[in-house]
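Undergrad: Structure: structure06.csv, CSV, C-alpha atoms and all ligand atoms.
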```csv
chain,number,residue,atom,x,y,z
V,15,ALA,CA,0.0,0.0,0.0
V,16,MET,CA,1.1,3.5,-0.8
V,17,ALA,CA,1.0,5.0,2.8
V,18,ALA,CA,3.0,2.1,4.1
V,19,GLU,CA,6.0,3.9,2.4
V,20,ARG,CA,5.5,6.9,4.6
V,21,SER,CA,7.8,6.5,7.5
V,22,LEU,CA,6.1,8.9,9.9
V,23,VAL,CA,2.5,10.1,10.1
V,24,MET,CA,1.5,12.8,12.6
V,25,ALA,CA,-1.7,14.6,13.8
V,26,THR,CA,-2.1,17.4,16.3
V,27,CYS,CA,-5.4,18.5,18.0
V,28,THR,CA,-6.4,20.8,20.8
V,29,ALA,CA,-9.3,20.2,23.2
V,30,PRO,CA,-11.1,22.2,25.8
V,31,VAL,CA,-11.8,22.1,29.5
V,32,ASN,CA,-15.5,21.8,30.6
V,33,ILE,CA,-17.3,22.8,33.8
V,34,ALA,CA,-20.4,20.9,34.9
V,35,VAL,CA,-23.5,22.8,36.0
V,36,ILE,CA,-25.4,19.5,36.6
V,37,LYS,CA,-22.7,17.4,38.2
V,38,TYR,CA,-21.5,13.8,37.4
V,39,TRP,CA,-20.7,12.0,40.6
V,40,GLY,CA,-20.9,8.2,40.7
V,41,LYS,CA,-20.5,5.3,38.3
V,42,ARG,CA,-22.7,2.3,37.8
V,43,ASP,CA,-19.8,0.6,35.9
V,44,THR,CA,-16.3,1.5,36.9
V,45,ASP,CA,-14.6,-0.3,34.0
V,46,LEU,CA,-16.7,1.2,31.2
V,47,ILE,CA,-17.1,4.5,33.1
V,48,LEU,CA,-20.9,4.5,33.0
V,49,PRO,CA,-22.5,7.2,35.3
V,50,ILE,CA,-25.4,6.9,37.7
V,51,ASN,CA,-26.9,10.1,36.3
V,52,SER,CA,-26.8,12.3,33.3
V,53,SER,CA,-24.8,15.6,33.6
V,54,LEU,CA,-24.5,18.9,31.7
V,55,SER,CA,-21.6,21.2,31.2
V,56,VAL,CA,-20.3,24.4,29.6
V,57,THR,CA,-17.2,24.0,27.4
V,58,LEU,CA,-14.6,26.7,28.2
V,59,HIS,CA,-12.8,28.7,25.4
V,60,GLN,CA,-9.5,27.3,24.3
V,61,ASP,CA,-7.9,30.7,24.1
V,62,GLN,CA,-7.6,30.5,27.9
V,63,LEU,CA,-7.6,26.8,28.7
V,64,LYS,CA,-6.6,24.0,26.3
V,65,THR,CA,-4.7,20.8,25.9
V,66,THR,CA,-2.7,20.2,22.8
V,67,THR,CA,-1.8,16.6,21.8
V,68,THR,CA,0.3,15.3,18.9
V,69,ALA,CA,0.0,11.6,18.0
V,70,ALA,CA,2.5,10.0,15.6
V,71,ALA,CA,2.8,6.5,14.2
V,72,SER,CA,5.8,5.0,12.5
V,73,ARG,CA,7.2,1.7,11.3
V,74,ASP,CA,10.4,2.7,13.1
V,75,PHE,CA,8.9,3.1,16.6
V,76,THR,CA,9.7,0.1,18.8
V,77,GLU,CA,7.2,0.8,21.5
V,78,ASP,CA,4.2,3.0,22.4
V,79,ARG,CA,5.4,6.1,24.3
V,80,LEU,CA,3.7,9.1,26.0
V,81,TRP,CA,5.0,12.5,27.2
V,82,LEU,CA,2.9,14.8,29.4
V,83,ASN,CA,4.1,18.4,29.6
V,84,GLY,CA,7.5,17.4,28.3
V,85,LYS,CA,8.1,14.5,30.7
V,86,GLU,CA,7.8,10.9,29.8
V,87,ALA,CA,4.7,9.2,31.4
V,88,ASP,CA,3.3,5.7,31.8
V,89,VAL,CA,1.7,4.8,28.5
V,90,GLY,CA,0.5,1.6,30.2
V,91,HIS,CA,-2.0,3.5,32.3
V,92,PRO,CA,-5.2,1.5,32.0
V,93,ARG,CA,-7.3,4.5,30.8
V,94,VAL,CA,-4.8,5.5,28.2
V,95,GLN,CA,-4.7,1.9,27.0
V,96,ALA,CA,-8.5,1.7,26.9
V,97,CYS,CA,-8.6,4.8,24.6
V,98,LEU,CA,-5.8,3.4,22.4
V,99,ARG,CA,-7.5,0.0,22.1
V,100,GLU,CA,-10.9,1.5,21.3
V,101,VAL,CA,-9.6,3.8,18.6
V,102,ARG,CA,-7.6,1.0,17.0
V,103,ARG,CA,-10.6,-1.3,17.2
V,104,LEU,CA,-12.8,1.3,15.3
V,105,ALA,CA,-10.0,1.8,12.8
V,106,ARG,CA,-9.8,-1.9,12.2
V,107,LYS,CA,-13.6,-2.2,11.8
V,108,ARG,CA,-13.5,0.6,9.3
V,109,ARG,CA,-10.7,-1.1,7.3
V,110,GLY,CA,-12.8,-4.3,7.3
V,111,GLY,CA,-15.1,-2.4,5.0
V,112,GLY,CA,-12.4,-2.6,2.4
V,113,GLU,CA,-12.0,1.1,1.7
V,114,ASP,CA,-9.0,3.2,2.6
V,115,THR,CA,-6.3,0.6,2.0
V,116,ALA,CA,-3.7,3.5,1.9
V,117,ALA,CA,-4.3,4.3,5.5
V,118,LEU,CA,-1.6,3.8,8.0
V,119,SER,CA,-0.8,0.4,9.4
V,120,LEU,CA,-2.5,-0.5,12.7
V,121,SER,CA,0.6,-2.5,13.8
V,122,TYR,CA,2.8,0.6,14.0
V,123,LYS,CA,3.7,1.8,17.5
V,124,ILE,CA,2.6,5.2,18.6
V,125,HIS,CA,4.2,8.2,20.2
V,126,ILE,CA,2.0,10.8,22.0
V,127,ALA,CA,2.9,14.2,23.4
V,128,SER,CA,0.5,16.3,25.3
V,129,GLU,CA,0.7,19.7,27.0
V,130,ASN,CA,-1.6,22.3,28.7
V,131,ASN,CA,-1.5,26.0,28.1
V,132,PHE,CA,-2.2,26.5,31.8
V,133,PRO,CA,-0.2,25.4,34.8
V,134,THR,CA,-1.0,21.9,35.8
V,135,ALA,CA,-0.1,22.8,39.4
V,136,ALA,CA,-3.1,25.2,39.4
V,137,GLY,CA,-5.3,22.2,39.9
V,138,LEU,CA,-7.6,23.1,36.9
V,139,ALA,CA,-9.4,19.9,35.8
V,140,SER,CA,-7.1,18.7,33.0
V,141,SER,CA,-8.1,15.1,32.6
V,142,ALA,CA,-11.2,16.0,30.7
V,143,ALA,CA,-9.3,18.1,28.1
V,144,GLY,CA,-6.4,15.6,28.2
V,145,TYR,CA,-8.5,12.5,27.2
V,146,ALA,CA,-10.7,14.4,24.8
V,147,CYS,CA,-7.5,15.6,23.1
V,148,LEU,CA,-5.9,12.2,23.1
V,149,VAL,CA,-8.9,10.6,21.4
V,150,SER,CA,-9.2,13.5,18.9
V,151,ALA,CA,-5.6,13.3,17.8
V,152,LEU,CA,-5.7,9.5,17.5
V,153,ALA,CA,-8.9,9.6,15.6
V,154,ARG,CA,-7.3,12.1,13.2
V,155,LEU,CA,-4.2,9.9,12.8
V,156,TYR,CA,-6.3,6.9,11.9
V,157,GLY,CA,-8.7,8.9,9.7
V,158,LEU,CA,-11.8,8.2,11.9
V,159,GLU,CA,-14.7,10.5,11.3
V,160,GLU,CA,-17.4,9.1,13.7
V,161,GLU,CA,-18.5,10.7,16.9
V,162,LEU,CA,-16.0,9.6,19.6
V,163,SER,CA,-17.4,10.8,23.0
V,164,GLU,CA,-17.9,7.1,23.8
V,165,VAL,CA,-14.2,6.5,23.5
V,166,ALA,CA,-13.2,9.7,25.4
V,167,ARG,CA,-15.5,8.6,28.2
V,168,ARG,CA,-13.2,5.6,28.7
V,169,GLY,CA,-10.4,7.9,29.6
V,170,SER,CA,-12.4,10.0,32.1
V,171,GLY,CA,-16.1,10.4,32.4
V,172,SER,CA,-16.1,14.1,32.2
V,173,ALA,CA,-13.9,13.9,29.1
V,174,CYS,CA,-16.8,12.9,26.9
V,175,ARG,CA,-18.3,16.3,27.4
V,176,SER,CA,-15.1,18.0,26.1
V,177,MET,CA,-15.7,16.4,22.7
V,178,PHE,CA,-18.2,19.2,21.9
V,179,GLY,CA,-18.3,23.0,22.3
V,180,GLY,CA,-20.9,25.2,23.9
V,181,PHE,CA,-23.4,23.4,26.2
V,182,VAL,CA,-23.1,19.7,26.4
V,183,GLN,CA,-25.2,16.9,27.9
V,184,TRP,CA,-23.7,13.5,28.9
V,185,GLN,CA,-26.7,11.2,28.8
V,186,ARG,CA,-26.3,8.3,31.2
V,187,GLY,CA,-27.7,5.7,28.8
V,188,GLU,CA,-29.4,2.5,29.7
V,189,ARG,CA,-27.4,-0.3,28.0
V,190,PRO,CA,-24.9,-2.3,30.1
V,191,ASP,CA,-22.3,-2.1,27.2
V,192,GLY,CA,-22.3,1.8,27.4
V,193,THR,CA,-23.1,2.3,23.7
V,194,ASP,CA,-25.8,4.8,24.6
V,195,SER,CA,-23.7,6.6,27.2
V,196,LEU,CA,-22.8,9.6,25.0
V,197,ALA,CA,-22.2,13.3,25.0
V,198,LEU,CA,-24.6,15.5,22.9
V,199,GLN,CA,-24.4,19.2,22.2
V,200,VAL,CA,-27.4,21.0,23.7
V,201,ALA,CA,-26.5,24.4,22.1
V,202,PRO,CA,-23.3,25.8,20.4
V,203,GLU,CA,-21.0,28.3,22.0
V,204,THR,CA,-22.6,31.1,20.0
V,205,HIS,CA,-26.0,30.5,21.6
V,206,TRP,CA,-25.4,32.7,24.7
V,207,PRO,CA,-22.9,35.4,23.6
V,208,GLU,CA,-23.1,37.3,26.9
V,209,LEU,CA,-22.1,34.4,29.2
V,210,ARG,CA,-18.8,34.7,30.9
V,211,ILE,CA,-16.8,32.5,33.3
V,212,LEU,CA,-14.3,33.5,36.0
V,213,VAL,CA,-12.0,30.7,37.2
V,214,LEU,CA,-10.7,31.7,40.7
V,215,VAL,CA,-7.4,29.9,41.1
V,216,VAL,CA,-6.8,29.7,44.8
V,217,SER,CA,-3.5,29.6,46.5
V,218,GLY,CA,-1.6,26.8,48.3
V,219,GLU,CA,-4.1,24.0,48.7
V,220,LYS,CA,-3.0,20.4,49.3
V,221,LYS,CA,-4.3,17.7,46.8
V,222,PRO,CA,-7.7,16.4,47.9
V,223,VAL,CA,-9.2,12.9,47.3
V,224,GLY,CA,-9.3,12.3,43.6
V,225,SER,CA,-12.7,12.2,41.9
V,226,THR,CA,-12.4,8.6,40.8
V,227,ALA,CA,-11.9,7.2,44.3
V,228,GLY,CA,-14.1,9.8,45.9
V,229,MET,CA,-17.2,9.1,43.8
V,230,GLN,CA,-16.8,5.3,44.3
V,231,THR,CA,-16.9,5.7,48.1
V,232,SER,CA,-20.0,8.0,47.6
V,233,VAL,CA,-21.8,5.3,45.5
V,234,GLU,CA,-21.0,2.7,48.2
V,235,THR,CA,-22.1,4.8,51.2
V,236,SER,CA,-24.3,7.8,50.5
V,237,PRO,CA,-28.0,7.4,50.5
V,238,LEU,CA,-28.3,11.1,49.5
V,239,LEU,CA,-26.3,10.4,46.3
V,240,LYS,CA,-28.7,7.6,45.4
V,241,HIS,CA,-31.7,9.9,45.9
V,242,ARG,CA,-30.0,12.6,43.9
V,243,ALA,CA,-29.3,10.3,40.9
V,244,GLU,CA,-32.8,8.8,40.9
V,245,ALA,CA,-35.1,11.6,41.9
V,246,VAL,CA,-33.3,15.0,41.7
V,247,VAL,CA,-31.1,15.0,38.6
V,248,PRO,CA,-33.6,13.9,35.9
V,249,GLU,CA,-35.9,16.9,36.8
V,250,ARG,CA,-32.9,19.3,37.1
V,251,LEU,CA,-31.5,18.3,33.8
V,252,ALA,CA,-34.7,19.1,32.0
V,253,GLN,CA,-34.9,22.4,33.9
V,254,MET,CA,-31.3,23.4,33.1
V,255,MET,CA,-31.9,22.7,29.4
V,256,ARG,CA,-34.8,25.1,29.4
V,257,HIS,CA,-32.8,27.8,31.2
V,258,ILE,CA,-30.1,27.5,28.6
V,259,ARG,CA,-32.5,27.5,25.7
V,260,ASP,CA,-34.2,30.7,27.1
V,261,ARG,CA,-30.8,32.2,28.1
V,262,ASP,CA,-32.3,32.7,31.5
V,263,PHE,CA,-29.4,33.6,33.8
V,264,GLU,CA,-31.5,33.8,36.9
V,265,GLY,CA,-32.7,30.2,36.4
V,266,PHE,CA,-29.4,28.9,35.1
V,267,GLY,CA,-27.3,30.5,37.9
V,268,GLN,CA,-29.6,29.4,40.7
V,269,LEU,CA,-29.7,25.8,39.5
V,270,ALA,CA,-26.0,25.7,39.0
V,271,MET,CA,-25.4,26.9,42.6
V,272,ARG,CA,-27.9,24.4,44.0
V,273,ASP,CA,-26.5,21.5,42.0
V,274,SER,CA,-22.9,22.3,43.2
V,275,ASN,CA,-24.1,22.5,46.7
V,276,GLN,CA,-25.9,19.2,46.5
V,277,PHE,CA,-22.9,17.5,45.0
V,278,HIS,CA,-20.8,18.8,48.0
V,279,ALA,CA,-23.7,17.6,50.3
V,280,THR,CA,-23.3,14.1,48.9
V,281,CYS,CA,-19.6,14.4,49.7
V,282,LEU,CA,-20.4,15.2,53.3
V,283,ASP,CA,-22.9,12.3,53.3
V,284,THR,CA,-20.2,9.9,52.1
V,285,PHE,CA,-18.7,7.8,54.9
V,286,PRO,CA,-16.0,8.6,55.8
V,287,PRO,CA,-16.9,12.1,54.5
V,288,ILE,CA,-15.0,13.9,51.8
V,289,PHE,CA,-14.4,17.6,52.0
V,290,TYR,CA,-13.7,19.6,48.8
V,291,LEU,CA,-15.1,22.9,50.0
V,292,THR,CA,-12.7,24.8,52.2
V,293,ASP,CA,-13.1,27.9,54.4
V,294,LEU,CA,-12.2,30.0,51.3
V,295,SER,CA,-14.9,28.2,49.2
V,296,ARG,CA,-17.5,29.0,51.9
V,297,HIS,CA,-16.2,32.6,51.9
V,298,ILE,CA,-16.7,32.9,48.2
V,299,ILE,CA,-20.2,31.3,48.4
V,300,ALA,CA,-21.2,33.8,51.0
V,301,LEU,CA,-19.8,36.6,49.0
V,302,ALA,CA,-21.7,35.6,45.9
V,303,HIS,CA,-25.0,35.4,47.9
V,304,ARG,CA,-24.4,38.9,49.5
V,305,TYR,CA,-23.6,40.3,46.0
V,306,ASN,CA,-26.8,38.8,44.5
V,307,GLY,CA,-28.8,39.9,47.6
V,308,HIS,CA,-27.6,43.4,47.3
V,309,HIS,CA,-28.7,43.6,43.6
V,310,GLY,CA,-31.9,41.7,44.4
V,311,HIS,CA,-31.4,39.0,41.7
V,312,THR,CA,-28.9,36.4,40.6
V,313,LYS,CA,-25.9,38.3,39.0
V,314,VAL,CA,-23.2,35.7,39.7
V,315,ALA,CA,-23.3,31.9,40.3
V,316,TYR,CA,-20.6,29.7,41.7
V,317,THR,CA,-19.8,26.1,41.1
V,318,PHE,CA,-17.1,23.9,42.7
V,319,ASP,CA,-15.7,20.5,41.6
V,320,ALA,CA,-13.5,18.0,43.3
V,321,GLY,CA,-10.9,20.7,44.2
V,322,PRO,CA,-10.5,24.1,45.8
V,323,ASN,CA,-10.8,26.4,42.8
V,324,ALA,CA,-14.1,28.3,42.4
V,325,VAL,CA,-15.8,28.9,39.0
V,326,ILE,CA,-18.1,31.8,38.7
V,327,PHE,CA,-20.7,32.3,35.9
V,328,ALA,CA,-21.9,35.9,35.1
V,329,LEU,CA,-23.1,37.9,32.2
V,330,ALA,CA,-20.6,40.2,30.5
V,331,ASP,CA,-22.1,43.4,32.0
V,332,THR,CA,-21.5,42.1,35.6
V,333,VAL,CA,-17.8,41.0,35.2
V,334,ALA,CA,-16.1,44.4,35.8
V,335,GLU,CA,-18.0,45.1,39.0
V,336,PHE,CA,-17.7,41.6,40.4
V,337,VAL,CA,-14.0,41.4,39.6
V,338,GLU,CA,-13.5,44.6,41.6
V,339,VAL,CA,-15.5,43.0,44.4
V,340,LEU,CA,-13.1,40.0,44.3
V,341,ARG,CA,-10.0,42.3,44.2
V,342,ARG,CA,-11.3,44.1,47.3
V,343,SER,CA,-12.1,40.8,49.1
V,344,PHE,CA,-8.9,39.0,48.1
V,345,PRO,CA,-6.3,41.7,47.7
V,346,PRO,CA,-3.6,40.2,45.4
V,347,ALA,CA,-0.1,39.6,46.7
V,348,ALA,CA,2.1,42.3,45.3
V,349,ASN,CA,4.5,40.0,43.4
V,350,GLY,CA,3.8,41.6,40.0
V,351,ASP,CA,1.9,38.6,38.7
V,352,GLN,CA,-1.2,39.4,36.7
V,353,PHE,CA,-4.3,39.1,39.0
V,354,VAL,CA,-6.7,39.1,36.2
V,355,ARG,CA,-5.8,37.0,33.1
V,356,GLY,CA,-7.6,35.9,29.9
V,357,LEU,CA,-10.3,38.1,28.4
V,358,PRO,CA,-9.9,41.8,29.2
V,359,VAL,CA,-11.8,43.3,32.2
V,360,SER,CA,-12.6,47.0,32.4
V,361,PRO,CA,-11.8,48.9,35.5
V,362,ALA,CA,-14.8,49.6,37.8
V,363,VAL,CA,-15.5,51.9,40.7
V,364,LEU,CA,-17.7,50.4,43.4
V,365,PRO,CA,-20.5,52.4,45.0
V,366,GLN,CA,-19.8,52.8,48.7
V,367,GLU,CA,-23.0,51.1,49.7
V,368,LEU,CA,-22.1,48.0,47.6
V,369,VAL,CA,-18.7,47.8,49.4
V,370,ALA,CA,-20.4,48.2,52.8
V,371,ALA,CA,-23.0,45.5,52.0
V,372,VAL,CA,-20.9,43.0,50.2
V,373,VAL,CA,-17.1,43.2,51.0
V,374,ALA,CA,-16.3,41.6,54.3
V,375,GLU,CA,-12.9,41.4,56.1
V,376,PRO,CA,-10.4,41.1,53.2
V,377,VAL,CA,-8.3,37.9,52.9
V,378,PRO,CA,-5.1,39.0,51.2
V,379,GLY,CA,-3.5,36.6,48.7
V,380,ALA,CA,-6.2,33.9,49.1
V,381,VAL,CA,-7.1,34.0,45.4
V,382,GLN,CA,-3.9,33.6,43.3
V,383,TYR,CA,-5.4,34.9,40.1
V,384,ILE,CA,-8.7,35.1,38.1
V,385,LEU,CA,-9.0,33.6,34.6
V,386,HIS,CA,-11.7,35.4,32.6
V,387,THR,CA,-13.1,33.2,29.8
V,388,LYS,CA,-16.3,32.3,28.0
V,389,PRO,CA,-17.9,29.3,26.3
V,390,GLY,CA,-15.9,27.9,23.4
V,391,PRO,CA,-15.8,25.3,20.7
V,392,GLY,CA,-14.9,21.6,20.9
V,393,PRO,CA,-11.7,19.9,19.8
V,394,GLN,CA,-9.8,21.5,16.9
V,395,LEU,CA,-7.4,20.1,14.3
V,396,VAL,CA,-4.1,22.0,14.2
V,397,ASP,CA,-3.1,22.3,10.5
V,398,ASP,CA,0.2,24.1,10.9
V,399,PRO,CA,2.9,21.4,11.1
V,400,SER,CA,5.2,23.8,13.1
V,401,GLN,CA,2.8,23.3,16.0
V,402,HIS,CA,3.4,19.6,16.3
V,403,LEU,CA,4.7,18.6,19.8
V,404,LEU,CA,6.9,15.8,18.3
V,405,GLY,CA,9.8,16.4,15.9
V,406,PRO,CA,10.5,14.6,12.6
V,407,ASP,CA,12.3,12.0,14.7
V,408,GLY,CA,9.1,11.3,16.6
V,409,LEU,CA,10.5,12.7,19.9
V,410,PRO,CA,9.4,15.8,21.8
V,501,LIG,C1,-16.8,16.8,40.3
V,501,LIG,O1,-14.5,12.8,35.1
V,501,LIG,O2,-12.7,13.3,36.8
V,501,LIG,O3,-15.8,17.3,38.2
V,501,LIG,O4,-14.7,9.5,35.4
V,501,LIG,O5,-13.4,8.9,37.4
V,501,LIG,O6,-12.3,10.2,35.6
V,501,LIG,P1,-13.6,9.9,36.3
V,501,LIG,O7,-14.0,11.2,37.1
V,501,LIG,P2,-14.0,12.7,36.5
V,501,LIG,O8,-15.1,13.3,37.5
V,501,LIG,C2,-15.6,14.6,37.4
V,501,LIG,C3,-16.4,15.0,38.6
V,501,LIG,C4,-16.8,16.5,38.8
V,501,LIG,C5,-18.2,16.7,38.2
V,501,LIG,C6,-18.3,16.8,36.7
V,501,LIG,O9,-17.3,17.2,36.0
V,501,LIG,O10,-19.4,16.5,36.2
```
In structure tokens, how does this file's structure come out?
Ligand code: DP6

TA:
Amino acid sequence: AMAAERSLVMATCTAPVNIAVIKYWGKRDTDLILPINSSLSVTLHQDQLKTTTTAAASRDFTEDRLWLNGKEADVGHPRVQACLREVRRLARKRRGGGEDTAALSLSYKIHIASENNFPTAAGLASSAAGYACLVSALARLYGLEEELSEVARRGSGSACRSMFGGFVQWQRGERPDGTDSLALQVAPETHWPELRILVLVVSGEKKPVGSTAGMQTSVETSPLLKHRAEAVVPERLAQMMRHIRDRDFEGFGQLAMRDSNQFHATCLDTFPPIFYLTDLSRHIIALAHRYNGHHGHTKVAYTFDAGPNAVIFALADTVAEFVEVLRRSFPPAANGDQFVRGLPVSPAVLPQELVAAVVAEPVPGAVQYILHTKPGPGPQLVDDPSQHLLGPDGLP
């Protein structure tokens, strides 16, 4: 075959981070990563947060290899292997159809290099973007064109939602083999142009219990989680879809806050309990409620995942004022680092009565920086060969 003469084939993709507004917490099948409830997320813009992955295949490679942020990592990780196996299986199935004989040999070993455009140490959920990017790059390498959220799901549950832009539902599915446990786009990123997201990267927190282990303990011990999955989420999911359809920030924001709070309540209901919210998280929660209370409606909404960073949703016309509230509440350490990063934020002067009603005793340095972003598109192919993370020798 013609392509067998090509010694090195390479593909590079980027993929986004997503933040759930109806949370996924709990698996009914830990091997296939099938959830106990459907979930819904917003895909964040890749200008601010993205993973880039290059996958290469060559006759000359002697083993599969993986590099994460420039350092060699374990390619034998079961979830990496699951993704590789599934992509290769789909590629083989496709070849079985007889077409595309020029495509690259499935027996070739693979090199993969992946990096984030944000500090991994910041504790921003990177596994969703990472696995979505891995699967996208491999799919491109093998010329697969089908929808691959089912494969990304095998890397990390939340990764299946990073296979689409905008507003994305992961439907739990019914089948034991997981073939109906897929991500679906609810609305594209252009649907709600005023929506903004502030990621509050907090300082100096130790690594909490990972979500994989944490949710398993919750499934085994929390009656509240069972009730949530059976009775609460189905109704909330339908409601959230309506709020998004109607661009109803009041409804969207309130439900996002309630769902984050219930997720953290199931963590407290887990035995032994898991704590992801910290004193600082509670401080931010109270601040958001005082701010909304002062304005008499929902202007900002918080959500927290299995880590200490806070994510705030707001409409564009609220960002400047709320960022100033954050600056007053968490005065940045004077180390010259940019406190506000990402999309520009205009300066704002706070009315004295707002400060009096909303800003409590300041906690200097508690928030390291704020990343200002918005909803964005799904995985992208990178055409420019100079952007590959692997050189012509197949090494980083
Ligand atoms: C709290 O997708 O990281 O962020 O499927 O075990 O890899 P695994 O878990 P993961 O869990 C994410 C949990 C969450 C909520 C969410 O993103 O929906």

Undergrad: Write out as a ChimeraX atom specification each polymer residue whose atoms come within 12 Å of V:Gly379, counting only C-alpha atoms; drop sequence neighbours fewer than 2 positions from it.

TA: /V:214-218,294,340-349,351,353,376-377,381-384

Undergrad: Name the residues, by chain letter and number, that sit within 10 Å of ligand LIG 501 (chain V) using only C-alpha atoms and all ligand atoms, and give them as a PyMOL selection string.

TA: chain V and resi 31-41+44-49+51-55+93+139-142+145+167-175+184+224-230+274+277-278+290+317-321

Undergrad: Rank V:Glu164, V:Ala146, V:Leu357, V:Asp262 by their smallest atom-to-atom distance to V:Gly187, using only C-alpha atoms, and report the top residue only.

TA: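 Result for the nearest residue to V:Gly187: V:Glu164.
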
Undergrad: Closest to V:Arg272 among V:Pro207, V:Gly392, V:Arg250, V:Glu129, using all atoms listed in the file?

TA: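 Closest residue, counting all atoms listed in the file: V:Arg250.
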
Undergrad: List the neighbours of stretch 304-310 of chain V out to 9 Å using all atoms listed in the file; skip same-chain residues closer than 4 positions along the sequence, and give me the result as a PyMOL selection string.

TA: chain V and resi 299-300+314-315+336+339+368+371-373

Undergrad: Between atom CA of V:Leu138 and atom CA of V:Ala252, what is the distance in Å, rounded to a tenth?

TA: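 Computed distance, atom CA of V:Leu138 to atom CA of V:Ala252, equals 27.8 Å.
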
Undergrad: One decimal, in Å: what's the spacing between atom CA of V:Gly180 and atom CA of V:Thr204?

TA: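 According to the coordinates, atom CA of V:Gly180 and atom CA of V:Thr204 are separated by 7.3 Å.
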
Undergrad: Atom CA of V:Trp206 to atom CA of V:Val149: how many Å, to one decimal?

TA: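 Separation between atom CA of V:Trp206 and atom CA of V:Val149: 27.8 Å.
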
Undergrad: Find the residue from V:Ala370, V:Ala324, V:Ile50, V:Cys97 that sits nearest to V:Pro190; use only C-alpha atoms when measuring.

TA: V:Ile50

Undergrad: Can you tell me which residues surround V:Phe178 at a distance of at most 12 Å, considering only C-alpha atoms, apart from same-chain residues fewer than 5 positions away, and format the answer as a PyMOL selection string?

TA: chain V and resi 28-32+54-59+142-143+146-147+150+161-163+166+172-173+183-184+196-203+389-394

Undergrad: Complete stretch 126-130 of chain V at the level of all heavy atoms, written as a compact mmCIF listing (two decimals), in the coordinates of the input.

TA:
```
# COMPACT_ATOMS: atom_id res chain seq x y z
N ILE V 126 2.95 9.74 21.65
CA ILE V 126 2.00 10.80 22.00
C ILE V 126 2.62 11.81 22.87
O ILE V 126 3.26 11.45 23.87
CB ILE V 126 0.76 10.15 22.74
CG1 ILE V 126 0.08 9.07 21.90
CG2 ILE V 126 -0.23 11.23 23.14
CD1 ILE V 126 -0.65 8.04 22.74
N ALA V 127 2.44 13.08 22.53
CA ALA V 127 2.90 14.20 23.40
C ALA V 127 1.76 15.10 23.67
O ALA V 127 1.02 15.45 22.75
CB ALA V 127 4.08 14.89 22.78
N SER V 128 1.60 15.49 24.93
CA SER V 128 0.50 16.30 25.30
C SER V 128 0.90 17.42 26.24
O SER V 128 1.73 17.18 27.12
CB SER V 128 -0.57 15.40 25.99
OG SER V 128 -1.78 16.09 26.18
N GLU V 129 0.39 18.63 26.03
CA GLU V 129 0.70 19.70 27.00
C GLU V 129 -0.49 20.64 27.18
O GLU V 129 -1.33 20.78 26.30
CB GLU V 129 1.98 20.41 26.72
CG GLU V 129 2.07 21.09 25.39
CD GLU V 129 3.48 21.66 25.15
OE1 GLU V 129 4.49 20.99 25.48
OE2 GLU V 129 3.57 22.78 24.63
N ASN V 130 -0.53 21.29 28.35
CA ASN V 130 -1.60 22.30 28.70
C ASN V 130 -1.06 23.67 28.51
O ASN V 130 0.12 23.92 28.75
CB ASN V 130 -2.06 22.06 30.11
CG ASN V 130 -2.63 20.67 30.33
OD1 ASN V 130 -3.23 20.10 29.43
ND2 ASN V 130 -2.43 20.13 31.51
```
